[in-house]
file start.csv (CSV, C-alpha atoms)
chain,number,residue,atom,x,y,z
A,1,MET,CA,0.0,0.0,0.0
A,2,LEU,CA,2.8,2.4,0.8
A,3,ARG,CA,4.5,1.7,-2.5
A,4,PHE,CA,1.2,2.2,-4.3
A,5,LEU,CA,0.7,5.6,-2.6
A,6,LEU,CA,4.2,6.6,-3.3
A,7,SER,CA,3.9,5.7,-7.0
A,8,THR,CA,0.6,7.7,-7.2
A,9,VAL,CA,2.3,10.7,-5.7
A,10,LEU,CA,5.2,10.5,-8.0
A,11,LEU,CA,3.0,10.1,-11.1
A,12,ALA,CA,0.9,13.1,-10.0
A,13,ALA,CA,4.1,15.1,-9.4
A,14,ALA,CA,5.4,14.2,-12.9
A,15,ALA,CA,2.1,15.2,-14.5
A,16,CYS,CA,2.2,18.6,-12.7
A,17,ALA,CA,5.8,19.1,-13.8
A,18,GLN,CA,4.9,18.5,-17.4
A,19,ALA,CA,2.0,21.0,-17.3
A,20,ASP,CA,2.5,24.5,-18.8
A,21,THR,CA,2.1,27.4,-16.4
A,22,VAL,CA,0.9,30.9,-17.1
A,23,TRP,CA,1.2,33.7,-14.5
A,24,LEU,CA,-1.1,36.7,-15.0
A,25,ASN,CA,-0.5,40.3,-14.3
A,26,ASN,CA,-3.1,40.2,-11.4
A,27,GLY,CA,-1.2,37.5,-9.6
A,28,ASP,CA,-3.3,34.5,-10.7
A,29,ARG,CA,-1.6,31.3,-12.0
A,30,LEU,CA,-3.1,28.9,-14.5
A,31,THR,CA,-1.8,25.4,-15.4
A,32,GLY,CA,-2.7,23.3,-18.4
A,33,LYS,CA,-1.4,22.7,-22.0
A,34,ILE,CA,-0.5,25.6,-24.4
A,35,LEU,CA,-2.4,25.0,-27.6
A,36,LEU,CA,-1.2,28.1,-29.5
A,37,LEU,CA,-0.8,31.9,-29.4
A,38,ASP,CA,-2.2,33.7,-32.4
A,39,GLY,CA,-3.9,37.0,-32.9
A,40,GLY,CA,-3.1,38.3,-29.4
A,41,LYS,CA,-4.8,35.3,-27.7
A,42,LEU,CA,-3.2,32.4,-25.9
A,43,ALA,CA,-5.3,29.2,-26.0
A,44,LEU,CA,-4.6,27.1,-22.9
A,45,LYS,CA,-6.4,23.8,-22.3
A,46,THR,CA,-7.0,23.3,-18.6
A,47,GLN,CA,-8.2,20.3,-16.7
A,48,TYR,CA,-10.9,22.2,-14.7
A,49,ALA,CA,-12.2,24.7,-17.2
A,50,GLY,CA,-11.5,23.2,-20.7
A,51,ARG,CA,-10.1,25.6,-23.3
A,52,VAL,CA,-9.4,29.1,-22.0
A,53,LEU,CA,-8.5,32.1,-24.1
A,54,ILE,CA,-6.1,34.6,-22.4
A,55,ASP,CA,-5.2,38.1,-23.7
A,56,TRP,CA,-1.4,38.0,-24.4
A,57,LYS,CA,-1.1,41.5,-22.8
A,58,ASP,CA,-2.5,40.2,-19.5
A,59,ILE,CA,0.3,37.6,-19.1
A,60,ASP,CA,3.2,38.4,-16.7
A,61,THR,CA,5.3,35.4,-17.7
A,62,LEU,CA,5.0,31.7,-18.5
A,63,ARG,CA,6.7,28.3,-18.5
A,64,SER,CA,6.5,25.3,-20.8
A,65,ASP,CA,8.7,22.2,-20.8
A,66,LYS,CA,7.6,21.0,-24.3
A,67,PRO,CA,9.0,22.2,-27.7
A,68,LEU,CA,7.3,25.1,-29.3
A,69,LEU,CA,7.7,27.0,-32.5
A,70,LEU,CA,8.1,30.7,-31.7
A,71,ARG,CA,7.7,33.7,-34.0
A,72,ARG,CA,8.8,37.2,-33.1
A,73,ASN,CA,8.2,40.6,-34.7
A,74,GLY,CA,10.1,40.9,-38.0
A,75,LEU,CA,11.8,37.5,-37.6
A,76,ASP,CA,11.2,33.9,-39.0
A,77,SER,CA,10.0,31.1,-36.7
A,78,GLN,CA,12.5,29.7,-34.3
A,79,HIS,CA,12.4,26.4,-32.3
A,80,SER,CA,12.5,26.3,-28.5
A,81,GLN,CA,13.0,23.2,-26.3
A,82,GLN,CA,11.7,25.1,-23.3
A,83,LEU,CA,10.2,28.3,-22.1
A,84,GLN,CA,11.2,29.4,-18.6
A,85,ALA,CA,9.6,32.0,-16.4
A,86,ALA,CA,11.6,35.3,-16.1
A,87,GLY,CA,10.8,38.7,-14.8
A,88,ALA,CA,7.6,40.7,-15.4
A,89,GLY,CA,6.8,40.8,-19.1
A,90,LEU,CA,9.7,38.5,-20.0
A,91,VAL,CA,10.3,34.8,-20.8
A,92,THR,CA,13.5,32.8,-21.3
A,93,VAL,CA,13.8,30.7,-24.5
A,94,VAL,CA,16.0,27.6,-24.1
A,95,ASP,CA,17.2,25.9,-27.3
A,96,GLY,CA,20.9,25.1,-27.1
A,97,GLY,CA,21.5,28.5,-25.5
A,98,ARG,CA,19.4,30.8,-23.4
A,99,GLU,CA,17.8,34.1,-24.5
A,100,THR,CA,15.4,36.3,-22.4
A,101,LEU,CA,12.8,38.1,-24.5
A,102,PRO,CA,10.0,40.5,-23.9
A,103,LEU,CA,6.6,38.8,-24.2
A,104,ALA,CA,5.4,41.7,-26.4
A,105,SER,CA,8.0,40.7,-29.1
A,106,ILE,CA,6.4,37.2,-29.5
A,107,THR,CA,3.5,37.1,-31.9
A,108,ARG,CA,2.9,33.3,-32.3
A,109,LEU,CA,3.5,30.1,-30.3
A,110,VAL,CA,2.6,26.8,-32.1
A,111,PRO,CA,3.4,23.2,-30.9
A,112,PRO,CA,5.3,21.6,-33.8
A,113,ARG,CA,3.5,18.9,-35.6
A,114,PRO,CA,5.8,16.1,-36.9
A,115,LEU,CA,5.5,16.0,-40.7
A,116,LEU,CA,5.1,12.5,-42.3
A,117,GLN,CA,5.9,10.7,-39.1
A,118,ASP,CA,2.9,10.2,-36.7
A,119,ARG,CA,-0.6,9.1,-37.5
A,120,LEU,CA,-3.1,12.0,-37.8
A,121,TRP,CA,-6.9,11.7,-38.2
A,122,GLU,CA,-9.1,14.8,-38.5
A,123,GLY,CA,-12.5,15.5,-40.1
A,124,ASN,CA,-15.8,17.5,-40.0
A,125,LEU,CA,-19.4,16.6,-40.5
A,126,ASP,CA,-21.9,19.4,-41.1
A,127,ALA,CA,-25.7,19.0,-41.3
A,128,LYS,CA,-28.5,21.2,-42.4
A,129,LEU,CA,-32.2,20.5,-41.7
A,130,ASP,CA,-35.0,22.7,-43.1
A,131,LEU,CA,-38.7,21.8,-42.3
A,132,GLU,CA,-41.2,24.2,-43.8
A,133,ARG,CA,-44.9,24.0,-43.0
A,134,ASN,CA,-47.3,26.4,-44.7
A,135,GLU,CA,-49.6,25.6,-47.7
A,136,ASP,CA,-47.0,23.1,-48.7
A,137,ARG,CA,-45.0,20.6,-46.5
A,138,THR,CA,-41.3,20.7,-47.4
A,139,ASP,CA,-38.6,18.6,-45.8
A,140,GLU,CA,-34.9,19.2,-46.7
A,141,PHE,CA,-31.7,17.9,-45.2
A,142,LYS,CA,-28.1,18.0,-46.3
A,143,LEU,CA,-25.0,16.2,-44.9
A,144,LYS,CA,-21.6,17.3,-45.9
A,145,GLY,CA,-18.4,15.8,-44.5
A,146,ASP,CA,-14.7,15.2,-45.0
A,147,THR,CA,-12.0,13.3,-43.2
A,148,ARG,CA,-8.2,13.0,-43.6
A,149,VAL,CA,-5.9,10.2,-42.3
A,150,GLU,CA,-2.1,10.6,-42.5
A,151,HIS,CA,0.5,8.0,-41.7
A,152,GLY,CA,4.1,8.0,-42.8
A,153,ARG,CA,4.3,9.4,-46.3
A,154,TRP,CA,0.7,8.5,-47.2
A,155,ARG,CA,-2.4,10.6,-46.8
A,156,HIS,CA,-6.0,9.5,-47.4
A,157,VAL,CA,-8.6,12.2,-48.1
A,158,LEU,CA,-12.4,11.4,-48.3
A,159,HIS,CA,-15.2,13.9,-49.1
A,160,GLY,CA,-18.9,13.2,-49.2
A,161,GLN,CA,-22.2,14.9,-49.6
A,162,LEU,CA,-25.8,13.8,-49.4
A,163,GLU,CA,-28.9,15.9,-50.2
A,164,HIS,CA,-32.5,15.0,-50.0
A,165,GLU,CA,-35.7,17.1,-50.4
A,166,THR,CA,-39.4,16.3,-50.5
A,167,LYS,CA,-42.4,18.5,-51.1
A,168,ASN,CA,-45.8,17.1,-50.1
A,169,ASP,CA,-44.1,13.7,-49.9
A,170,GLU,CA,-42.8,14.0,-53.5
A,171,LYS,CA,-39.1,13.9,-54.1
A,172,LYS,CA,-37.6,17.2,-55.4
A,173,GLU,CA,-33.9,16.6,-54.7
A,174,ASP,CA,-32.0,13.3,-54.3
A,175,ASN,CA,-28.3,13.3,-54.9
A,176,TRP,CA,-25.0,12.3,-53.4
A,177,GLU,CA,-21.3,12.5,-54.2
A,178,LEU,CA,-18.2,10.8,-52.9
A,179,GLU,CA,-14.5,11.5,-53.6
A,180,TYR,CA,-11.5,9.6,-52.5
A,181,ASP,CA,-7.9,10.9,-52.9
A,182,LEU,CA,-4.6,9.1,-52.1
A,183,ASP,CA,-1.5,11.2,-51.7
A,184,ARG,CA,2.1,9.9,-51.6
A,185,PHE,CA,4.7,12.4,-50.2
A,186,PHE,CA,8.2,12.5,-51.6
A,187,THR,CA,9.4,15.4,-49.6
A,188,ASP,CA,7.8,17.5,-46.8
A,189,HIS,CA,6.0,19.5,-49.4
A,190,TRP,CA,5.8,17.7,-52.8
A,191,PHE,CA,3.4,14.8,-53.2
A,192,TRP,CA,1.6,12.9,-56.0
A,193,ARG,CA,-2.2,12.4,-55.9
A,194,ALA,CA,-4.5,9.8,-57.4
A,195,GLY,CA,-8.2,10.2,-56.9
A,196,TYR,CA,-11.7,9.0,-57.9
A,197,GLU,CA,-15.0,10.9,-57.7
A,198,GLN,CA,-18.6,9.9,-58.4
A,199,GLU,CA,-21.8,11.9,-58.4
A,200,GLU,CA,-25.4,10.6,-58.7
A,201,ASP,CA,-28.4,12.9,-59.2
A,202,GLN,CA,-31.9,11.6,-60.1
A,203,PHE,CA,-33.3,15.0,-61.1
A,204,GLU,CA,-30.6,16.3,-63.4
A,205,ASP,CA,-30.0,15.7,-67.2
A,206,ILE,CA,-26.7,14.2,-66.3
A,207,ASN,CA,-27.6,11.6,-63.7
A,208,ARG,CA,-24.1,10.2,-63.2
A,209,GLN,CA,-20.6,11.7,-63.3
A,210,ARG,CA,-17.3,9.8,-62.8
A,211,ILE,CA,-13.9,11.3,-62.7
A,212,LEU,CA,-10.5,9.5,-62.4
A,213,GLY,CA,-7.5,11.8,-62.1
A,214,SER,CA,-3.9,12.0,-61.1
A,215,GLY,CA,-1.2,14.7,-60.8
A,216,PRO,CA,1.3,16.5,-58.6
A,217,GLY,CA,0.6,18.5,-55.5
A,218,TYR,CA,2.5,20.9,-53.2
A,219,ARG,CA,1.9,21.5,-49.5
A,220,PHE,CA,2.8,25.1,-48.7
A,221,TRP,CA,2.3,24.5,-44.9
A,222,GLU,CA,0.4,22.3,-42.5
A,223,ASP,CA,0.5,22.9,-38.7
A,224,GLU,CA,-1.7,23.6,-35.8
A,225,LEU,CA,-3.0,26.8,-37.4
A,226,GLY,CA,-4.1,25.3,-40.7
A,227,ARG,CA,-2.9,24.1,-44.1
A,228,PHE,CA,-2.7,25.1,-47.7
A,229,ASP,CA,-2.4,22.6,-50.6
A,230,LEU,CA,-2.3,23.2,-54.3
A,231,ILE,CA,-2.9,20.2,-56.7
A,232,GLY,CA,-2.8,20.0,-60.5
A,233,GLN,CA,-4.3,16.9,-62.2
A,234,PHE,CA,-5.0,15.3,-65.5
A,235,ASN,CA,-8.5,13.7,-65.4
A,236,ARG,CA,-10.7,11.3,-67.4
A,237,VAL,CA,-14.4,12.3,-67.1
A,238,ARG,CA,-17.4,10.2,-68.0
A,239,LEU,CA,-21.0,11.5,-68.0
A,240,ASP,CA,-24.1,9.3,-68.2
A,241,SER,CA,-27.5,10.7,-69.2
A,242,GLN,CA,-30.8,9.5,-70.7
A,243,GLY,CA,-29.4,10.5,-74.1
A,244,GLY,CA,-26.2,8.4,-73.8
A,245,GLU,CA,-22.7,8.7,-72.6
A,246,LEU,CA,-19.9,11.2,-73.1
A,247,ALA,CA,-16.2,10.8,-72.1
A,248,PHE,CA,-13.5,13.4,-72.4
A,249,ASN,CA,-10.2,14.6,-70.7
A,250,THR,CA,-9.7,17.6,-68.5
A,251,TRP,CA,-6.9,19.6,-66.8
A,252,SER,CA,-7.7,20.8,-63.3
A,253,LEU,CA,-6.3,22.9,-60.5
A,254,GLU,CA,-7.4,22.4,-57.0
A,255,TRP,CA,-6.7,24.1,-53.7
A,256,ASP,CA,-7.5,23.3,-50.0
A,257,TYR,CA,-7.1,26.0,-47.4
A,258,LYS,CA,-7.8,26.2,-43.7
A,259,ARG,CA,-6.8,28.7,-41.0
A,260,LEU,CA,-7.7,28.9,-37.4
A,261,LEU,CA,-8.6,32.4,-36.0
A,262,TRP,CA,-9.4,34.0,-32.7
A,263,GLY,CA,-7.4,31.6,-30.5
A,264,THR,CA,-8.7,28.4,-32.3
A,265,ARG,CA,-12.4,29.2,-31.7
A,266,LEU,CA,-13.0,30.3,-35.3
A,267,GLU,CA,-12.0,28.4,-38.5
A,268,PHE,CA,-12.0,29.8,-42.0
A,269,TYR,CA,-11.8,27.3,-44.8
A,270,SER,CA,-11.9,27.3,-48.6
A,271,SER,CA,-11.6,24.7,-51.3
A,272,ALA,CA,-12.1,24.8,-55.0
A,273,GLU,CA,-11.5,22.9,-58.2
A,274,LEU,CA,-11.2,24.5,-61.6
A,275,GLN,CA,-11.5,22.1,-64.6
A,276,VAL,CA,-10.7,22.9,-68.2
A,277,PRO,CA,-12.3,20.2,-70.5
A,278,GLN,CA,-10.6,19.3,-73.7
A,279,ILE,CA,-13.8,19.8,-75.7
A,280,ASP,CA,-15.1,22.8,-77.6
A,281,GLU,CA,-18.5,23.0,-76.0
A,282,ILE,CA,-17.2,23.8,-72.4
A,283,ASP,CA,-14.7,26.4,-71.5
A,284,TYR,CA,-14.4,25.7,-67.8
A,285,VAL,CA,-16.2,24.2,-64.8
A,286,LEU,CA,-15.7,25.7,-61.3
A,287,ASP,CA,-16.7,23.9,-58.1
A,288,SER,CA,-15.9,26.1,-55.0
A,289,GLU,CA,-16.9,26.7,-51.4
A,290,ALA,CA,-15.8,28.9,-48.5
A,291,GLY,CA,-17.1,29.0,-44.9
A,292,LEU,CA,-16.6,29.6,-41.2
A,293,ARG,CA,-16.9,27.1,-38.4
A,294,TYR,CA,-17.2,28.3,-34.8
A,295,ARG,CA,-16.1,25.9,-32.1
A,296,LEU,CA,-18.9,25.6,-29.4
A,297,ASN,CA,-16.9,23.0,-27.4
A,298,ASP,CA,-14.3,20.3,-28.1
A,299,TRP,CA,-16.5,18.5,-30.7
A,300,ALA,CA,-19.5,20.7,-31.7
A,301,ARG,CA,-19.3,23.3,-34.5
A,302,LEU,CA,-21.6,26.0,-35.8
A,303,SER,CA,-21.0,26.3,-39.5
A,304,LEU,CA,-21.7,28.8,-42.2
A,305,LEU,CA,-21.0,27.7,-45.8
A,306,TYR,CA,-21.2,29.4,-49.2
A,307,GLU,CA,-21.0,27.3,-52.3
A,308,LEU,CA,-20.5,28.5,-55.9
A,309,ASP,CA,-20.7,26.2,-58.9
A,310,GLN,CA,-20.1,27.7,-62.3
A,311,LEU,CA,-20.0,26.4,-65.9
A,312,ARG,CA,-19.1,28.4,-69.0
A,313,GLY,CA,-19.6,27.1,-72.5
A,314,LEU,CA,-21.0,28.2,-75.9
A,315,GLY,CA,-20.7,31.9,-74.9
A,316,ASN,CA,-22.9,31.6,-71.8
A,317,THR,CA,-22.1,31.3,-68.0
A,318,TYR,CA,-24.3,29.3,-65.7
A,319,SER,CA,-23.9,29.8,-61.9
A,320,GLU,CA,-25.5,28.1,-58.9
A,321,ARG,CA,-25.1,29.5,-55.4
A,322,ARG,CA,-26.0,27.8,-52.2
A,323,TYR,CA,-25.8,28.8,-48.5
A,324,LEU,CA,-25.6,26.3,-45.7
A,325,ILE,CA,-26.1,27.1,-42.0
A,326,GLY,CA,-26.1,24.2,-39.6
A,327,LEU,CA,-24.5,22.3,-36.8
A,328,GLY,CA,-21.7,19.8,-37.1
A,329,VAL,CA,-19.1,17.8,-35.3
A,330,GLY,CA,-15.3,17.9,-35.7
A,331,TRP,CA,-12.4,15.8,-34.6

call {"tool": "encode", "arguments": {"input": "start.csv", "output": "structure tokens"}}
result
Amino acid sequence: MLRFLLSTVLLAAAACAQADTVWLNNGDRLTGKILLLDGGKLALKTQYAGRVLIDWKDIDTLRSDKPLLLRRNGLDSQHSQQLQAAGAGLVTVVDGGRETLPLASITRLVPPRPLLQDRLWEGNLDAKLDLERNEDRTDEFKLKGDTRVEHGRWRHVLHGQLEHETKNDEKKEDNWELEYDLDRFFTDHWFWRAGYEQEEDQFEDINRQRILGSGPGYRFWEDELGRFDLIGQFNRVRLDSQGGELAFNTWSLEWDYKRLLWGTRLEFYSSAELQVPQIDEIDYVLDSEAGLRYRLNDWARLSLLYELDQLRGLGNTYSERRYLIGLGVGW
């Protein structure tokens, strides 16, 4: 029993020693895990109050025993093995040597994410439900989600969407789409992508669309704050309709952007794909979206999404815009 109690005390002491500590100007002290500093807000995950946002100007000093990426005014990011508490408004950066800096000179702290080493799984699922009851009875729901799994030099990306609408028990919309991409990284930035996409729609002239493509991609950055990928592909497209089938080739450019704002509470994201078909009838096809997600807690999100689909051909431009407001989950 004595050895058990002693082991418990030692484990608790080790856990406390590994916790980050923040001292405030008013004398309070907070312990937890530093998530990031950005936009003048320090996000600290505490055991008793969850995620806490602290104004950077209200911090007297702080301490962290884990590695952090640190950015200062006018300088590139530097790596720190430890941050040690110093005098009022100061912190000591330990990385081979020791340097004491004013807190006001530090604009960003980010825990480094190992690239192409550890397994990473993230994703989002957003839902919209619209029930309208007047002279007509309209039920509409839409699910939209994506997930990414990274391990070693491989990355799996899955996108999906489901839309269904009935009016007075008669179907008005019934469609779904699914896209899977497989990326193989050759460096920390360059990768090769191969992907397949399929769409089904019962109420459009083209009721089935299949795309098989491959091409190079470049990852500009990916860390705790977000990511930015740019991919170019050569694709084979096949369209099925009541009138027959049509197959042709396209060149495409795709981007995927995400950025955390306001101390990780708010997320801005945007993705788009521009395709240039190798046929005379169509000049280009654009499929794009941009939105905001607000983190309600560790898993719930409030989302606002704007979608723009555009096609230009035979001298005319056709556009379709959609707005989605709903709740979702993230991991």

call {"tool": "residues_around", "arguments": {"input": "start.csv", "residues": "Ile325 of chain A", "least_positions_apart": "6", "cutoff": "12 Å", "atoms": "only C-alpha atoms", "output": "list in words"}}
result
Asp126, Ala127, Lys128, Leu129, Asp130, Phe141, Lys142, Leu143, Lys144, Gly291, Leu292, Arg293, Tyr294, Arg301, Leu302, Ser303, Leu304, Leu305, Tyr306 and Glu307 of chain A

call {"tool": "atom_distance", "arguments": {"input": "start.csv", "atom1": "atom CA of Glu150 of chain A", "atom2": "atom CA of Leu182 of chain A"}}
result
10.0 Å

call {"tool": "closest_residue", "arguments": {"input": "start.csv", "among": "A:Phe185, A:Trp262, A:Phe234, A:Trp255", "to": "Asp287 of chain A", "atoms": "only C-alpha atoms"}}
result
A:Trp255

call {"tool": "atom_distance", "arguments": {"input": "start.csv", "atom1": "atom CA of Gln84 of chain A", "atom2": "atom CA of Gly226 of chain A"}}
result
27.2 Å

call {"tool": "atom_distance", "arguments": {"input": "start.csv", "atom1": "atom CA of Ala86 of chain A", "atom2": "atom CA of Leu62 of chain A"}}
result
7.9 Å

call {"tool": "residues_around", "arguments": {"input": "start.csv", "residues": "Lys258 of chain A", "least_positions_apart": "3", "cutoff": "10 Å", "atoms": "only C-alpha atoms", "output": "number ranges by chain"}}
result
A: 222, 225-229, 261, 267-271, 290-292

call {"tool": "residues_around", "arguments": {"input": "start.csv", "residues": "segment 272-282 of chain A", "least_positions_apart": "2", "cutoff": "12 Å", "atoms": "only C-alpha atoms", "output": "MDAnalysis selection string"}}
result
chainID A and resid 211 213 228:238 246:257 269:270 284:290 306:318

call {"tool": "closest_residue", "arguments": {"input": "start.csv", "among": "A:Glu224, A:Asp174, A:Glu163, A:Asp169", "to": "Ile34 of chain A", "atoms": "all atoms listed in the file"}}
result
A:Glu224

call {"tool": "residues_near_point", "arguments": {"input": "start.csv", "point": "(-17.8, 12.4, -60.7)", "cutoff": "6 Å", "atoms": "all atoms listed in the file", "output": "list of chain:residue names"}}
result
A:Glu197, A:Gln198, A:Glu199, A:Gln209, A:Arg210, A:Ile211

call {"tool": "residues_around", "arguments": {"input": "start.csv", "residues": "Lys45 of chain A", "least_positions_apart": "4", "cutoff": "9 Å", "atoms": "only C-alpha atoms", "output": "ChimeraX atom specification"}}
result
/A:31-35,49-53

call {"tool": "closest_residue", "arguments": {"input": "start.csv", "among": "A:Ser319, A:Asn124, A:Asn25, A:Gln202", "to": "Gly89 of chain A", "atoms": "all atoms listed in the file"}}
result
A:Asn25

call {"tool": "residues_near_point", "arguments": {"input": "start.csv", "point": "(-7.2, 39.3, -27.2)", "cutoff": "7 Å", "atoms": "all atoms listed in the file", "output": "list in words"}}
result
Gly39, Gly40, Lys41, Ile54, Asp55 and Trp56 of chain A

call {"tool": "closest_residue", "arguments": {"input": "start.csv", "among": "A:Thr107, A:Asn73, A:Asn26, A:Thr61", "to": "Asp38 of chain A", "atoms": "only C-alpha atoms"}}
result
A:Thr107

call {"tool": "closest_residue", "arguments": {"input": "start.csv", "among": "A:Glu132, A:Asp58, A:Asp65, A:Asp205", "to": "Thr92 of chain A", "atoms": "only C-alpha atoms"}}
result
A:Asp65

call {"tool": "residues_around", "arguments": {"input": "start.csv", "residues": "Thr147 of chain A", "least_positions_apart": "5", "cutoff": "12 Å", "atoms": "only C-alpha atoms", "output": "PDB file with C-alpha atoms, in the frame of the given file"}}
result
ATOM      1  CA  LEU A 120      -3.100  12.000 -37.800  1.00  0.00           C
ATOM      2  CA  TRP A 121      -6.900  11.700 -38.200  1.00  0.00           C
ATOM      3  CA  GLU A 122      -9.100  14.800 -38.500  1.00  0.00           C
ATOM      4  CA  GLY A 123     -12.500  15.500 -40.100  1.00  0.00           C
ATOM      5  CA  ASN A 124     -15.800  17.500 -40.000  1.00  0.00           C
ATOM      6  CA  LEU A 125     -19.400  16.600 -40.500  1.00  0.00           C
ATOM      7  CA  ASP A 126     -21.900  19.400 -41.100  1.00  0.00           C
ATOM      8  CA  ARG A 155      -2.400  10.600 -46.800  1.00  0.00           C
ATOM      9  CA  HIS A 156      -6.000   9.500 -47.400  1.00  0.00           C
ATOM     10  CA  VAL A 157      -8.600  12.200 -48.100  1.00  0.00           C
ATOM     11  CA  LEU A 158     -12.400  11.400 -48.300  1.00  0.00           C
ATOM     12  CA  HIS A 159     -15.200  13.900 -49.100  1.00  0.00           C
ATOM     13  CA  GLY A 160     -18.900  13.200 -49.200  1.00  0.00           C
ATOM     14  CA  LEU A 178     -18.200  10.800 -52.900  1.00  0.00           C
ATOM     15  CA  GLU A 179     -14.500  11.500 -53.600  1.00  0.00           C
ATOM     16  CA  TYR A 180     -11.500   9.600 -52.500  1.00  0.00           C
ATOM     17  CA  ASP A 181      -7.900  10.900 -52.900  1.00  0.00           C
ATOM     18  CA  VAL A 329     -19.100  17.800 -35.300  1.00  0.00           C
ATOM     19  CA  GLY A 330     -15.300  17.900 -35.700  1.00  0.00           C
ATOM     20  CA  TRP A 331     -12.400  15.800 -34.600  1.00  0.00           C
TER      21      TRP A 331
END

call {"tool": "closest_residue", "arguments": {"input": "start.csv", "among": "A:Leu70, A:Pro102, A:Leu83, A:Asn168", "to": "Asp20 of chain A", "atoms": "only C-alpha atoms"}}
result
A:Leu83

call {"tool": "axis_aligned_box", "arguments": {"input": "start.csv", "around": "segment 18-27 of chain A", "padding_each_side": "6 Å", "output": "JSON"}}
result
{"center_x": 0.9, "center_y": 29.4, "center_z": -14.2, "size_x": 20.0, "size_y": 33.8, "size_z": 21.2}
